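Chemist: Shown below is the structure under consideration.
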Amino acid sequence: MSTLSGQTAFVTGGGTGIGRAIALELSAAGAEVLIHANRSVTEGEKLREEITARGARCEFIQADLGTGEAATAFFERALDTLGNLDIWINNAGVDILTGEGAELSYEEKLEALIAVDLRASILLARKAGSAMKEQGGVILNMGWDQAAVGMEGESGELFGAIKGAVMAFTRSLALSLAPKVRVNCLAPGWIRTAWGEDCLLYTSPSPRDQ
């Protein structure tokens with residue numbers, strides 16, 4: 001059954017991993033989907049082609065969400081592309097555990113996470129909420145399961161601070177937008193995506209993550 005038929009859904013960080021799975025499920029449920037990616041352009045285009053080949057509408061936009069101006073420009077372009085907004089999912093995040101991100105200093109990692117995981121999520125969620133306030137809709141932000149309990153080490157400190165802030169913001173935004181707009185936050189742990197597999201080469205998960 002197409003439970004989301006006629007609805008439009010936007011997924012940031014939708015080219016790979018969790019975002020890709022979310023986009024596929026939304027499309028399978030009947031929604032028109034717009035997926036966003038910054039570096040995973042090839043993967044984003046392939047996903048758009050895969051969903052389109054199934055007869056569903058899917059659009060792809062590449063954008064860097066690292067500044068407030070860029071996030072605003074992306075939101076406006078995305079909304080113009082689909083013309084309506086029912087579901088907004090903030091899944092985009094900076095990889096500071098593998099590749100070039102792992103080589104950044106502690107302060108550089110913090111600044112990158114603040115820019116994308118926190119500021120972009122806040123700005124985009126507020127803009128989505130403003131666009132939905134009359135008709136209603138759903139906003140979903142991405143937290144972290146250990147933000148509430150803490151995890152030792154550099155990555156635990158960084159993700160705990162940033163994702164904890166996202167989770168706190170989500171609670172407040174839910175109160176601001178109720179009852180028309182439902183705002184929730186997912187708090188995933190280790191997910192066996194390609195990114196998750198790579199992370200295991202760089203970090204040792206705590207017992208609750210295994």
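By order of appearance in the structure tokens: chains A, B, ..., then residues from 1 within every chain, and ligands from 1 in the order shown.
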Taking 4 positions as the minimum chain separation for residues in the same chain, which residues sit within 10 Å of Leu79 (chain A) when counting only C-alpha atoms? Answer as number ranges by chain.

Modeler: A: 8, 10, 34, 74-75, 83-85, 128, 131

Chemist: So that I can check the surroundings of Ile122 (chain A), please list as a list in words every protein, DNA and RNA residue that reaches within 9 Å of it, counting only C-alpha atoms and ignoring chain neighbours fewer than 2 positions away.

Modeler: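 Skipping anything fewer than 2 positions along the chain leaves Asn90, Asp117, Leu118, Arg119, Ala120, Leu124, Ala125, Arg126, Lys127, Asn141, Val166, Phe169 and Thr170 of chain A.
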
Chemist: What does the file look like for those residues with C-alpha atoms, as a PDB file, in the first residue's frame?

Modeler:
ATOM      1  CA  ASN A  90      18.016  16.136   8.395  1.00  0.00           C
ATOM      2  CA  ASP A 117      25.425  18.503  11.911  1.00  0.00           C
ATOM      3  CA  LEU A 118      24.203  21.287  14.183  1.00  0.00           C
ATOM      4  CA  ARG A 119      23.740  24.644  12.463  1.00  0.00           C
ATOM      5  CA  ALA A 120      22.473  23.296   9.137  1.00  0.00           C
ATOM      6  CA  LEU A 124      16.790  23.688   7.784  1.00  0.00           C
ATOM      7  CA  ALA A 125      14.409  22.312  10.411  1.00  0.00           C
ATOM      8  CA  ARG A 126      13.194  25.811  11.259  1.00  0.00           C
ATOM      9  CA  LYS A 127      12.686  26.655   7.587  1.00  0.00           C
ATOM     10  CA  ASN A 141      16.486  15.092  12.923  1.00  0.00           C
ATOM     11  CA  VAL A 166      20.490  18.435  18.116  1.00  0.00           C
ATOM     12  CA  PHE A 169      16.821  21.467  19.896  1.00  0.00           C
ATOM     13  CA  THR A 170      14.413  18.858  18.522  1.00  0.00           C
TER      14      THR A 170
END

Chemist: List the neighbours of Glu59 (chain A) out to 12 Å using only C-alpha atoms; skip same-chain residues closer than 6 positions along the sequence, and give me the result as a PDB file with all heavy atoms, in the first residue's frame.

Modeler:
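File around-v3.pdb, as written:
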ATOM      1  N   THR A   8       5.503  14.716  -0.429  1.00  0.00           N
ATOM      2  CA  THR A   8       6.868  15.001  -0.854  1.00  0.00           C
ATOM      3  C   THR A   8       7.798  14.894   0.344  1.00  0.00           C
ATOM      4  O   THR A   8       7.475  15.350   1.443  1.00  0.00           O
ATOM      5  CB  THR A   8       6.987  16.411  -1.457  1.00  0.00           C
ATOM      6  OG1 THR A   8       6.506  17.375  -0.506  1.00  0.00           O
ATOM      7  CG2 THR A   8       6.147  16.512  -2.727  1.00  0.00           C
ATOM      8  N   ALA A   9       8.963  14.296   0.122  1.00  0.00           N
ATOM      9  CA  ALA A   9       9.923  14.071   1.203  1.00  0.00           C
ATOM     10  C   ALA A   9      11.312  14.526   0.765  1.00  0.00           C
ATOM     11  O   ALA A   9      11.736  14.267  -0.362  1.00  0.00           O
ATOM     12  CB  ALA A   9       9.947  12.598   1.586  1.00  0.00           C
ATOM     13  N   PHE A  10      12.021  15.183   1.675  1.00  0.00           N
ATOM     14  CA  PHE A  10      13.357  15.698   1.413  1.00  0.00           C
ATOM     15  C   PHE A  10      14.326  15.030   2.390  1.00  0.00           C
ATOM     16  O   PHE A  10      14.074  14.998   3.594  1.00  0.00           O
ATOM     17  CB  PHE A  10      13.404  17.217   1.621  1.00  0.00           C
ATOM     18  CG  PHE A  10      12.487  17.988   0.712  1.00  0.00           C
ATOM     19  CD1 PHE A  10      11.106  17.931   0.877  1.00  0.00           C
ATOM     20  CD2 PHE A  10      12.995  18.777  -0.304  1.00  0.00           C
ATOM     21  CE1 PHE A  10      10.254  18.638   0.043  1.00  0.00           C
ATOM     22  CE2 PHE A  10      12.155  19.492  -1.141  1.00  0.00           C
ATOM     23  CZ  PHE A  10      10.774  19.423  -0.974  1.00  0.00           C
ATOM     24  N   VAL A  11      15.440  14.516   1.867  1.00  0.00           N
ATOM     25  CA  VAL A  11      16.411  13.812   2.705  1.00  0.00           C
ATOM     26  C   VAL A  11      17.798  14.393   2.476  1.00  0.00           C
ATOM     27  O   VAL A  11      18.378  14.220   1.399  1.00  0.00           O
ATOM     28  CB  VAL A  11      16.436  12.302   2.403  1.00  0.00           C
ATOM     29  CG1 VAL A  11      17.364  11.587   3.378  1.00  0.00           C
ATOM     30  CG2 VAL A  11      15.034  11.706   2.444  1.00  0.00           C
ATOM     31  N   THR A  12      18.340  15.099   3.466  1.00  0.00           N
ATOM     32  CA  THR A  12      19.721  15.564   3.334  1.00  0.00           C
ATOM     33  C   THR A  12      20.662  14.414   3.673  1.00  0.00           C
ATOM     34  O   THR A  12      20.330  13.529   4.452  1.00  0.00           O
ATOM     35  CB  THR A  12      20.021  16.758   4.263  1.00  0.00           C
ATOM     36  OG1 THR A  12      20.020  16.324   5.627  1.00  0.00           O
ATOM     37  CG2 THR A  12      18.999  17.864   4.072  1.00  0.00           C
ATOM     38  N   GLY A  14      21.431  12.065   1.633  1.00  0.00           N
ATOM     39  CA  GLY A  14      20.662  10.911   1.176  1.00  0.00           C
ATOM     40  C   GLY A  14      21.353  10.026   0.160  1.00  0.00           C
ATOM     41  O   GLY A  14      20.748   9.079  -0.333  1.00  0.00           O
ATOM     42  N   GLY A  15      22.609  10.307  -0.149  1.00  0.00           N
ATOM     43  CA  GLY A  15      23.275   9.534  -1.194  1.00  0.00           C
ATOM     44  C   GLY A  15      23.747   8.166  -0.759  1.00  0.00           C
ATOM     45  O   GLY A  15      23.830   7.243  -1.578  1.00  0.00           O
ATOM     46  N   ALA A  23      15.572   7.189   1.957  1.00  0.00           N
ATOM     47  CA  ALA A  23      15.024   7.643   0.676  1.00  0.00           C
ATOM     48  C   ALA A  23      14.335   6.501  -0.066  1.00  0.00           C
ATOM     49  O   ALA A  23      13.253   6.675  -0.646  1.00  0.00           O
ATOM     50  CB  ALA A  23      16.131   8.247  -0.183  1.00  0.00           C
ATOM     51  N   SER A  27      10.293   6.364  -0.904  1.00  0.00           N
ATOM     52  CA  SER A  27       9.835   6.183  -2.278  1.00  0.00           C
ATOM     53  C   SER A  27       8.955   4.947  -2.410  1.00  0.00           C
ATOM     54  O   SER A  27       7.922   4.973  -3.084  1.00  0.00           O
ATOM     55  CB  SER A  27      11.042   6.072  -3.212  1.00  0.00           C
ATOM     56  OG  SER A  27      10.638   5.812  -4.535  1.00  0.00           O
ATOM     57  N   ALA A  31       6.022   8.219  -1.735  1.00  0.00           N
ATOM     58  CA  ALA A  31       6.369   9.646  -1.700  1.00  0.00           C
ATOM     59  C   ALA A  31       7.250  10.046  -2.871  1.00  0.00           C
ATOM     60  O   ALA A  31       8.024   9.235  -3.393  1.00  0.00           O
ATOM     61  CB  ALA A  31       7.094   9.970  -0.394  1.00  0.00           C
ATOM     62  N   GLU A  32       7.109  11.306  -3.286  1.00  0.00           N
ATOM     63  CA  GLU A  32       8.076  11.900  -4.199  1.00  0.00           C
ATOM     64  C   GLU A  32       9.256  12.349  -3.347  1.00  0.00           C
ATOM     65  O   GLU A  32       9.069  12.986  -2.310  1.00  0.00           O
ATOM     66  CB  GLU A  32       7.471  13.099  -4.935  1.00  0.00           C
ATOM     67  CG  GLU A  32       6.308  12.739  -5.835  1.00  0.00           C
ATOM     68  CD  GLU A  32       5.754  13.942  -6.570  1.00  0.00           C
ATOM     69  OE1 GLU A  32       6.261  15.063  -6.341  1.00  0.00           O
ATOM     70  OE2 GLU A  32       4.831  13.761  -7.374  1.00  0.00           O
ATOM     71  N   VAL A  33      10.468  12.018  -3.773  1.00  0.00           N
ATOM     72  CA  VAL A  33      11.634  12.209  -2.920  1.00  0.00           C
ATOM     73  C   VAL A  33      12.673  13.108  -3.574  1.00  0.00           C
ATOM     74  O   VAL A  33      12.962  12.978  -4.768  1.00  0.00           O
ATOM     75  CB  VAL A  33      12.283  10.852  -2.575  1.00  0.00           C
ATOM     76  CG1 VAL A  33      13.503  11.056  -1.681  1.00  0.00           C
ATOM     77  CG2 VAL A  33      11.277   9.933  -1.892  1.00  0.00           C
ATOM     78  N   LEU A  34      13.224  14.013  -2.774  1.00  0.00           N
ATOM     79  CA  LEU A  34      14.394  14.778  -3.187  1.00  0.00           C
ATOM     80  C   LEU A  34      15.539  14.398  -2.264  1.00  0.00           C
ATOM     81  O   LEU A  34      15.421  14.502  -1.049  1.00  0.00           O
ATOM     82  CB  LEU A  34      14.142  16.284  -3.107  1.00  0.00           C
ATOM     83  CG  LEU A  34      15.303  17.156  -3.621  1.00  0.00           C
ATOM     84  CD1 LEU A  34      14.780  18.388  -4.355  1.00  0.00           C
ATOM     85  CD2 LEU A  34      16.255  17.584  -2.492  1.00  0.00           C
ATOM     86  N   ILE A  35      16.618  13.930  -2.857  1.00  0.00           N
ATOM     87  CA  ILE A  35      17.784  13.540  -2.077  1.00  0.00           C
ATOM     88  C   ILE A  35      18.905  14.552  -2.273  1.00  0.00           C
ATOM     89  O   ILE A  35      19.081  15.108  -3.360  1.00  0.00           O
ATOM     90  CB  ILE A  35      18.270  12.123  -2.441  1.00  0.00           C
ATOM     91  CG1 ILE A  35      18.471  11.986  -3.959  1.00  0.00           C
ATOM     92  CG2 ILE A  35      17.295  11.085  -1.940  1.00  0.00           C
ATOM     93  CD1 ILE A  35      18.976  10.627  -4.378  1.00  0.00           C
ATOM     94  N   HIS A  36      19.640  14.784  -1.203  1.00  0.00           N
ATOM     95  CA  HIS A  36      20.748  15.736  -1.212  1.00  0.00           C
ATOM     96  C   HIS A  36      22.037  15.012  -0.847  1.00  0.00           C
ATOM     97  O   HIS A  36      22.032  14.051  -0.068  1.00  0.00           O
ATOM     98  CB  HIS A  36      20.494  16.848  -0.190  1.00  0.00           C
ATOM     99  CG  HIS A  36      21.772  17.432   0.353  1.00  0.00           C
ATOM    100  ND1 HIS A  36      22.409  16.905   1.472  1.00  0.00           N
ATOM    101  CD2 HIS A  36      22.545  18.461  -0.071  1.00  0.00           C
ATOM    102  CE1 HIS A  36      23.509  17.587   1.708  1.00  0.00           C
ATOM    103  NE2 HIS A  36      23.622  18.543   0.805  1.00  0.00           N
ATOM    104  N   ALA A  37      23.123  15.475  -1.412  1.00  0.00           N
ATOM    105  CA  ALA A  37      24.444  15.014  -0.995  1.00  0.00           C
ATOM    106  C   ALA A  37      25.435  16.121  -1.297  1.00  0.00           C
ATOM    107  O   ALA A  37      25.169  17.000  -2.124  1.00  0.00           O
ATOM    108  CB  ALA A  37      24.834  13.729  -1.715  1.00  0.00           C
ATOM    109  N   GLY A  44      24.546   9.695  -5.199  1.00  0.00           N
ATOM    110  CA  GLY A  44      23.252  10.355  -5.221  1.00  0.00           C
ATOM    111  C   GLY A  44      22.574  10.260  -6.571  1.00  0.00           C
ATOM    112  O   GLY A  44      21.368  10.010  -6.665  1.00  0.00           O
ATOM    113  N   GLU A  45      23.352  10.447  -7.615  1.00  0.00           N
ATOM    114  CA  GLU A  45      22.795  10.343  -8.966  1.00  0.00           C
ATOM    115  C   GLU A  45      22.353   8.916  -9.269  1.00  0.00           C
ATOM    116  O   GLU A  45      21.312   8.689  -9.898  1.00  0.00           O
ATOM    117  CB  GLU A  45      23.827  10.798  -9.992  1.00  0.00           C
ATOM    118  CG  GLU A  45      24.096  12.299  -9.997  1.00  0.00           C
ATOM    119  CD  GLU A  45      22.954  13.090 -10.614  1.00  0.00           C
ATOM    120  OE1 GLU A  45      21.908  12.500 -10.963  1.00  0.00           O
ATOM    121  OE2 GLU A  45      23.103  14.322 -10.746  1.00  0.00           O
ATOM    122  N   LYS A  46      23.128   7.949  -8.817  1.00  0.00           N
ATOM    123  CA  LYS A  46      22.760   6.551  -9.039  1.00  0.00           C
ATOM    124  C   LYS A  46      21.471   6.208  -8.302  1.00  0.00           C
ATOM    125  O   LYS A  46      20.620   5.479  -8.822  1.00  0.00           O
ATOM    126  CB  LYS A  46      23.889   5.631  -8.583  1.00  0.00           C
ATOM    127  CG  LYS A  46      25.094   5.623  -9.503  1.00  0.00           C
ATOM    128  CD  LYS A  46      26.154   4.635  -9.006  1.00  0.00           C
ATOM    129  CE  LYS A  46      27.340   4.591  -9.954  1.00  0.00           C
ATOM    130  NZ  LYS A  46      28.386   3.650  -9.479  1.00  0.00           N
ATOM    131  N   LEU A  47      21.326   6.729  -7.089  1.00  0.00           N
ATOM    132  CA  LEU A  47      20.097   6.471  -6.335  1.00  0.00           C
ATOM    133  C   LEU A  47      18.906   7.122  -7.017  1.00  0.00           C
ATOM    134  O   LEU A  47      17.821   6.525  -7.087  1.00  0.00           O
ATOM    135  CB  LEU A  47      20.238   6.993  -4.909  1.00  0.00           C
ATOM    136  CG  LEU A  47      19.021   6.821  -3.999  1.00  0.00           C
ATOM    137  CD1 LEU A  47      18.611   5.356  -3.902  1.00  0.00           C
ATOM    138  CD2 LEU A  47      19.304   7.392  -2.615  1.00  0.00           C
ATOM    139  N   ARG A  48      19.081   8.330  -7.519  1.00  0.00           N
ATOM    140  CA  ARG A  48      17.997   8.990  -8.248  1.00  0.00           C
ATOM    141  C   ARG A  48      17.571   8.142  -9.441  1.00  0.00           C
ATOM    142  O   ARG A  48      16.369   7.940  -9.695  1.00  0.00           O
ATOM    143  CB  ARG A  48      18.441  10.373  -8.716  1.00  0.00           C
ATOM    144  CG  ARG A  48      17.341  11.145  -9.469  1.00  0.00           C
ATOM    145  CD  ARG A  48      17.897  12.386 -10.136  1.00  0.00           C
ATOM    146  NE  ARG A  48      18.876  12.058 -11.158  1.00  0.00           N
ATOM    147  CZ  ARG A  48      18.560  11.620 -12.386  1.00  0.00           C
ATOM    148  NH1 ARG A  48      17.293  11.459 -12.729  1.00  0.00           N
ATOM    149  NH2 ARG A  48      19.511  11.348 -13.251  1.00  0.00           N
ATOM    150  N   GLU A  49      18.543   7.630 -10.177  1.00  0.00           N
ATOM    151  CA  GLU A  49      18.247   6.796 -11.343  1.00  0.00           C
ATOM    152  C   GLU A  49      17.547   5.505 -10.931  1.00  0.00           C
ATOM    153  O   GLU A  49      16.622   5.035 -11.605  1.00  0.00           O
ATOM    154  CB  GLU A  49      19.541   6.482 -12.088  1.00  0.00           C
ATOM    155  CG  GLU A  49      20.182   7.696 -12.752  1.00  0.00           C
ATOM    156  CD  GLU A  49      21.540   7.384 -13.346  1.00  0.00           C
ATOM    157  OE1 GLU A  49      21.976   6.206 -13.244  1.00  0.00           O
ATOM    158  OE2 GLU A  49      22.179   8.302 -13.895  1.00  0.00           O
ATOM    159  N   GLU A  50      17.983   4.923  -9.810  1.00  0.00           N
ATOM    160  CA  GLU A  50      17.378   3.680  -9.333  1.00  0.00           C
ATOM    161  C   GLU A  50      15.913   3.886  -8.967  1.00  0.00           C
ATOM    162  O   GLU A  50      15.042   3.086  -9.330  1.00  0.00           O
ATOM    163  CB  GLU A  50      18.151   3.168  -8.120  1.00  0.00           C
ATOM    164  CG  GLU A  50      17.587   1.897  -7.522  1.00  0.00           C
ATOM    165  CD  GLU A  50      18.364   1.425  -6.299  1.00  0.00           C
ATOM    166  OE1 GLU A  50      19.498   1.886  -6.093  1.00  0.00           O
ATOM    167  OE2 GLU A  50      17.819   0.592  -5.543  1.00  0.00           O
ATOM    168  N   ILE A  51      15.628   4.957  -8.239  1.00  0.00           N
ATOM    169  CA  ILE A  51      14.254   5.230  -7.836  1.00  0.00           C
ATOM    170  C   ILE A  51      13.392   5.607  -9.037  1.00  0.00           C
ATOM    171  O   ILE A  51      12.248   5.145  -9.163  1.00  0.00           O
ATOM    172  CB  ILE A  51      14.228   6.346  -6.775  1.00  0.00           C
ATOM    173  CG1 ILE A  51      14.876   5.856  -5.473  1.00  0.00           C
ATOM    174  CG2 ILE A  51      12.789   6.805  -6.507  1.00  0.00           C
ATOM    175  CD1 ILE A  51      14.980   6.907  -4.398  1.00  0.00           C
ATOM    176  N   THR A  52      13.938   6.418  -9.919  1.00  0.00           N
ATOM    177  CA  THR A  52      13.194   6.824 -11.117  1.00  0.00           C
ATOM    178  C   THR A  52      12.860   5.622 -11.993  1.00  0.00           C
ATOM    179  O   THR A  52      11.782   5.552 -12.586  1.00  0.00           O
ATOM    180  CB  THR A  52      14.006   7.852 -11.918  1.00  0.00           C
ATOM    181  OG1 THR A  52      14.276   8.992 -11.093  1.00  0.00           O
ATOM    182  CG2 THR A  52      13.229   8.308 -13.160  1.00  0.00           C
ATOM    183  N   ARG A  77      16.079  26.142  -3.124  1.00  0.00           N
ATOM    184  CA  ARG A  77      16.158  25.397  -4.383  1.00  0.00           C
ATOM    185  C   ARG A  77      15.397  24.079  -4.289  1.00  0.00           C
ATOM    186  O   ARG A  77      14.690  23.682  -5.219  1.00  0.00           O
ATOM    187  CB  ARG A  77      17.624  25.134  -4.733  1.00  0.00           C
ATOM    188  CG  ARG A  77      17.826  24.400  -6.050  1.00  0.00           C
ATOM    189  CD  ARG A  77      19.299  24.145  -6.299  1.00  0.00           C
ATOM    190  NE  ARG A  77      19.491  23.296  -7.465  1.00  0.00           N
ATOM    191  CZ  ARG A  77      20.637  22.715  -7.785  1.00  0.00           C
ATOM    192  NH1 ARG A  77      21.711  22.922  -7.016  1.00  0.00           N
ATOM    193  NH2 ARG A  77      20.736  21.950  -8.847  1.00  0.00           N
ATOM    194  N   ALA A  78      15.549  23.387  -3.164  1.00  0.00           N
ATOM    195  CA  ALA A  78      14.866  22.112  -2.971  1.00  0.00           C
ATOM    196  C   ALA A  78      13.359  22.287  -2.989  1.00  0.00           C
ATOM    197  O   ALA A  78      12.628  21.512  -3.629  1.00  0.00           O
ATOM    198  CB  ALA A  78      15.316  21.475  -1.661  1.00  0.00           C
ATOM    199  N   LEU A  79      12.875  23.312  -2.294  1.00  0.00           N
ATOM    200  CA  LEU A  79      11.436  23.545  -2.243  1.00  0.00           C
ATOM    201  C   LEU A  79      10.890  23.911  -3.619  1.00  0.00           C
ATOM    202  O   LEU A  79       9.810  23.467  -4.010  1.00  0.00           O
ATOM    203  CB  LEU A  79      11.129  24.655  -1.234  1.00  0.00           C
ATOM    204  CG  LEU A  79       9.666  24.784  -0.778  1.00  0.00           C
ATOM    205  CD1 LEU A  79       9.172  23.480  -0.183  1.00  0.00           C
ATOM    206  CD2 LEU A  79       9.536  25.921   0.233  1.00  0.00           C
ATOM    207  N   ASP A  80      11.641  24.692  -4.365  1.00  0.00           N
ATOM    208  CA  ASP A  80      11.227  25.046  -5.726  1.00  0.00           C
ATOM    209  C   ASP A  80      11.169  23.816  -6.625  1.00  0.00           C
ATOM    210  O   ASP A  80      10.320  23.722  -7.514  1.00  0.00           O
ATOM    211  CB  ASP A  80      12.190  26.065  -6.330  1.00  0.00           C
ATOM    212  CG  ASP A  80      12.008  27.456  -5.746  1.00  0.00           C
ATOM    213  OD1 ASP A  80      10.959  27.712  -5.124  1.00  0.00           O
ATOM    214  OD2 ASP A  80      12.924  28.287  -5.906  1.00  0.00           O
ATOM    215  N   THR A  81      12.061  22.866  -6.379  1.00  0.00           N
ATOM    216  CA  THR A  81      12.142  21.682  -7.235  1.00  0.00           C
ATOM    217  C   THR A  81      10.916  20.796  -7.102  1.00  0.00           C
ATOM    218  O   THR A  81      10.345  20.347  -8.102  1.00  0.00           O
ATOM    219  CB  THR A  81      13.407  20.867  -6.900  1.00  0.00           C
ATOM    220  OG1 THR A  81      14.565  21.680  -7.139  1.00  0.00           O
ATOM    221  CG2 THR A  81      13.489  19.621  -7.773  1.00  0.00           C
ATOM    222  N   LEU A  82      10.480  20.526  -5.873  1.00  0.00           N
ATOM    223  CA  LEU A  82       9.308  19.667  -5.673  1.00  0.00           C
ATOM    224  C   LEU A  82       8.014  20.454  -5.518  1.00  0.00           C
ATOM    225  O   LEU A  82       6.930  19.918  -5.720  1.00  0.00           O
ATOM    226  CB  LEU A  82       9.507  18.756  -4.461  1.00  0.00           C
ATOM    227  CG  LEU A  82      10.528  17.623  -4.604  1.00  0.00           C
ATOM    228  CD1 LEU A  82      10.436  16.676  -3.407  1.00  0.00           C
ATOM    229  CD2 LEU A  82      10.334  16.849  -5.896  1.00  0.00           C
ATOM    230  N   GLY A  83       8.125  21.714  -5.115  1.00  0.00           N
ATOM    231  CA  GLY A  83       6.945  22.566  -5.056  1.00  0.00           C
ATOM    232  C   GLY A  83       6.062  22.398  -3.842  1.00  0.00           C
ATOM    233  O   GLY A  83       5.096  23.137  -3.665  1.00  0.00           O
TER     234      GLY A  83
END

Chemist: Point out the residue among A:Met132, A:Ile18, A:Ala168, A:Ile191 with the least atom-to-atom distance to Ile87 (chain A), counting only C-alpha atoms.

Modeler: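 Using only C-alpha atoms, the shortest distance to Ile87 (chain A) belongs to A:Met132.
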
Chemist: My list of candidates is A:Gln7, A:Thr67, A:Thr42, A:Ser155. Which is closest to Lys109 (chain A) when distances are computed with only C-alpha atoms?

Modeler: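 So, comparing all the options, the nearest one is A:Ser155.
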
Chemist: Run DSSP on the backbone and tell me which residues of region 66-184 of chain A come out as strand (DSSP E or B); list them as a list in words.

Modeler: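 Everything in region 66-184 of chain A that counts as strand (DSSP E or B) is Ile87, Trp88, Ile89, Asn90, Gly137, Val138, Ile139, Leu140, Asn141, Met142, Val181, Arg182, Val183 and Asn184 of chain A.
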
Chemist: The selected residues should be written to file as a PDB file, in the first residue's frame (atoms: C-alpha atoms).

Modeler:
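To be explicit, this is the file written out as part_6.pdb:
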ATOM      1  CA  ILE A  87       8.447  15.463   5.192  1.00  0.00           C
ATOM      2  CA  TRP A  88      11.884  16.896   5.952  1.00  0.00           C
ATOM      3  CA  ILE A  89      14.709  14.669   7.192  1.00  0.00           C
ATOM      4  CA  ASN A  90      18.016  16.136   8.395  1.00  0.00           C
ATOM      5  CA  GLY A 137       4.036  17.832   8.230  1.00  0.00           C
ATOM      6  CA  VAL A 138       6.894  15.872   9.738  1.00  0.00           C
ATOM      7  CA  ILE A 139      10.478  16.849  10.579  1.00  0.00           C
ATOM      8  CA  LEU A 140      13.039  14.243  11.544  1.00  0.00           C
ATOM      9  CA  ASN A 141      16.486  15.092  12.923  1.00  0.00           C
ATOM     10  CA  MET A 142      19.389  12.751  13.530  1.00  0.00           C
ATOM     11  CA  VAL A 181       3.992  19.722  12.692  1.00  0.00           C
ATOM     12  CA  ARG A 182       5.400  16.591  14.294  1.00  0.00           C
ATOM     13  CA  VAL A 183       9.120  16.835  15.106  1.00  0.00           C
ATOM     14  CA  ASN A 184      11.111  13.772  16.133  1.00  0.00           C
TER      15      ASN A 184
END

Chemist: In Å, how far is it from CA of Gly164 (chain A) to CA of Asp64 (chain A)?

Modeler: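 For CA of Gly164 (chain A) relative to CA of Asp64 (chain A), the distance reads 22.8 Å.
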
Chemist: CA of Ala21 (chain A) to CA of Ala92 (chain A): how many Å, to one decimal?

Modeler: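 Separation of CA of Ala21 (chain A) and CA of Ala92 (chain A): 13.3 Å.
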